[in-house]
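Contents: one structure, followed by commentary.
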Amino acid sequence: MTISTFQDTVNAFVLSKKQVQKIIDGLTEELVEGLSTKDLKNITQQPSFITHLPTGKETGLYLAIDMGGTNLRTAAVHLLGDGQVGVTMEKHEITQELKTGTGEAMFDWIADCTATLLKNVAVDMGDSQLHMGVTFSFALHQTAVNRGKVLAMGKGFDLSNVMGKDLKDLMEDGFKRKNVPVVVSAIINDTVGTLVSHAYVSPSTKIGVILATGTNAAYIERACEVSKYEGPSCDQMILNTEWDAMGKAAYLPQTQYDKDIDAFSLVPKFQEFEKMVSGLYLGELFRRALVDLIERRALFEFLDGQVPELLTVEKSFKTLFMSTIESDNSSEHAAVARVFKTSFAIEGLSTKDCSKVYELVHAIGQRSAVMVAAACTALLYKANGSSVHLDDPSEITTIGIDGSVFEKYPHFSRSMMNALTQILGADRASRVRLELARDGGCIGAALVAMVSQRGGAV
Ligand code: GLC
């Protein structure tokens, strides 16, 4: 499609019913295919080796770390039973230098951060080693609850000496180099952590979703369906879908801007679904559309087709700016003028410019909510009849969702729920709850570490 007017650009982000159905069908096909494929180039549907959700009664003190796309969190997690937890958490930003350096430097730094936590919380376990659960927000091929080979790292990471290696070894080597007395008892994906930890406090939770720098989900599948699983026999298994990496069959409604983001990314043709919906990319998507509109004199005409330098810088338009813009829906949209003045030194926007920017931002944010709702639908359908019961009026299915986009982007939850109601129909949608699941990574990792250290699977 050739995009010519401002309205055409906005419309390119508005999905028709047919496009949404294509996404659901395409994702469903990939969910099924991922259950059997043993080709490690296909990173989807990874067994977590976790076969049950917690009961809420678990107790004990465990260490946890959550390595995300932006921050590292270290935590001492006190499981108090009755779904109660006490958490002492420290947050460290992962610098660009660390993200693109050596694995050794990264794992030394993680060991240092852990040592700082231990010092600050004054955990004293005598001579015994401390057990740690690790949440890792990247694709792993797990071979046990505490072992997994690193398959791929998107989100701007390019670590040397890490791909294909076992995460437990990488981490424990770092702890040894730094004399930190910690063993890794569990490794989980952040979506699995979200599912497990939210089920601890809200037992109807059957799906865990992350909507942050990246996006992904975990759900509970019948073990007999997971033909690629090679491990102790079980009835069910939590799967890390890695839906971020789905979308290969060209059913994703990519605009030229989506295609460009992918083409110019560190790893093109990887995580194309994620690149359309998650926090690392939404702002950049808007920036690319805006630059194009300015050049075509379809927006900010006072610039006469000249794009101000700051706007030409990749990722200079943060997703946070979109949140700021969307949170002001007054008719003047004064937040738009403020963002451009403060962060890009652009002044002179008319009220019409401001409302057009608002409209474009809204369309991009809305598309993300609709696509994530479509992906949740694919999972709900896949699990319907086993862990999910959409047609039973007495059953509620809770989807625990963690991440800055879900938590901070204005009205995201409402937009997702509206989309789910349109797709599923009011009756079925009324049995689905979307709940914010905060800090799931650390709590989930601690829960799984506890159970696995005691010799069981959660
Ligand atoms: C990326 C990772 C995935 C993670 C998601 C959310 O897509 O591949 O493992 O769960 O980001 O953090």
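Here, A, B, ... name the chains of the structure tokens in the order displayed, residue numbers run from 1 inside each chain, and ligands are numbered from 1 in the same displayed order.
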* Asked: Using only C-alpha atoms and all ligand atoms, what are the residues with an atom within 6 Å of ligand 1, set out as a PyMOL selection string?
  -> chain A and resi 137-139+189-191+210+214-216+242+244
Selected residues written out with C-alpha atoms, as a PDB file, in the first residue's frame:
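Once everything was written out, this is again14.pdb:
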ATOM      1  CA  SER A 137      14.082 -12.567  30.168  1.00  0.00           C
ATOM      2  CA  PHE A 138      15.596 -14.167  27.108  1.00  0.00           C
ATOM      3  CA  ALA A 139      15.044 -17.420  25.252  1.00  0.00           C
ATOM      4  CA  ASN A 189      11.708 -17.170  31.982  1.00  0.00           C
ATOM      5  CA  ASP A 190      10.122 -13.930  33.251  1.00  0.00           C
ATOM      6  CA  THR A 191       6.722 -14.982  31.875  1.00  0.00           C
ATOM      7  CA  ILE A 210       5.129  -9.663  29.995  1.00  0.00           C
ATOM      8  CA  GLY A 214       9.894  -6.982  25.185  1.00  0.00           C
ATOM      9  CA  THR A 215       6.776  -9.136  25.229  1.00  0.00           C
ATOM     10  CA  ASN A 216       6.081 -12.819  25.783  1.00  0.00           C
ATOM     11  CA  GLU A 242       8.310 -16.972  23.225  1.00  0.00           C
ATOM     12  CA  ASP A 244       7.802 -12.483  20.698  1.00  0.00           C
TER      13      ASP A 244
END
* To do: Report the residues of stretch 235-429 of chain A whose backbone DSSP state falls under helix (DSSP H, G or I), written as a ChimeraX atom specification.
  => /A:243-245,256-263,272-277,279-295,301-303,309-312,319-326,334-344,351-383,404-408,412-424,426-429
* Asked: Which residue out of A:Ile423, A:Thr51, A:Ala152, A:Glu309 has the minimum interatomic distance to A:Tyr381 when only C-alpha atoms are used?
  ->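 Smallest distance to A:Tyr381 is found for A:Ile423.
Comparing the minimum interatomic distances between A:Gly425 and each of A:Ser452, A:Ser202, A:Thr377, A:Ser185, counting only C-alpha atoms, we find that A:Thr377 sits nearest.
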* Asked: Restricting the calculation to only C-alpha atoms, which member of A:Ala375, A:Ala64, A:Ala334, A:Leu299 is positioned closest to A:Asp353?
  ->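 Distance minimum relative to A:Asp353 lands on A:Leu299.
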* Coordinates-based distance that separates atom CA of A:Ala218 from atom CA of A:Gly400 (Å, one decimal) ->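 Computing it gives 10.0 Å between the two atoms.
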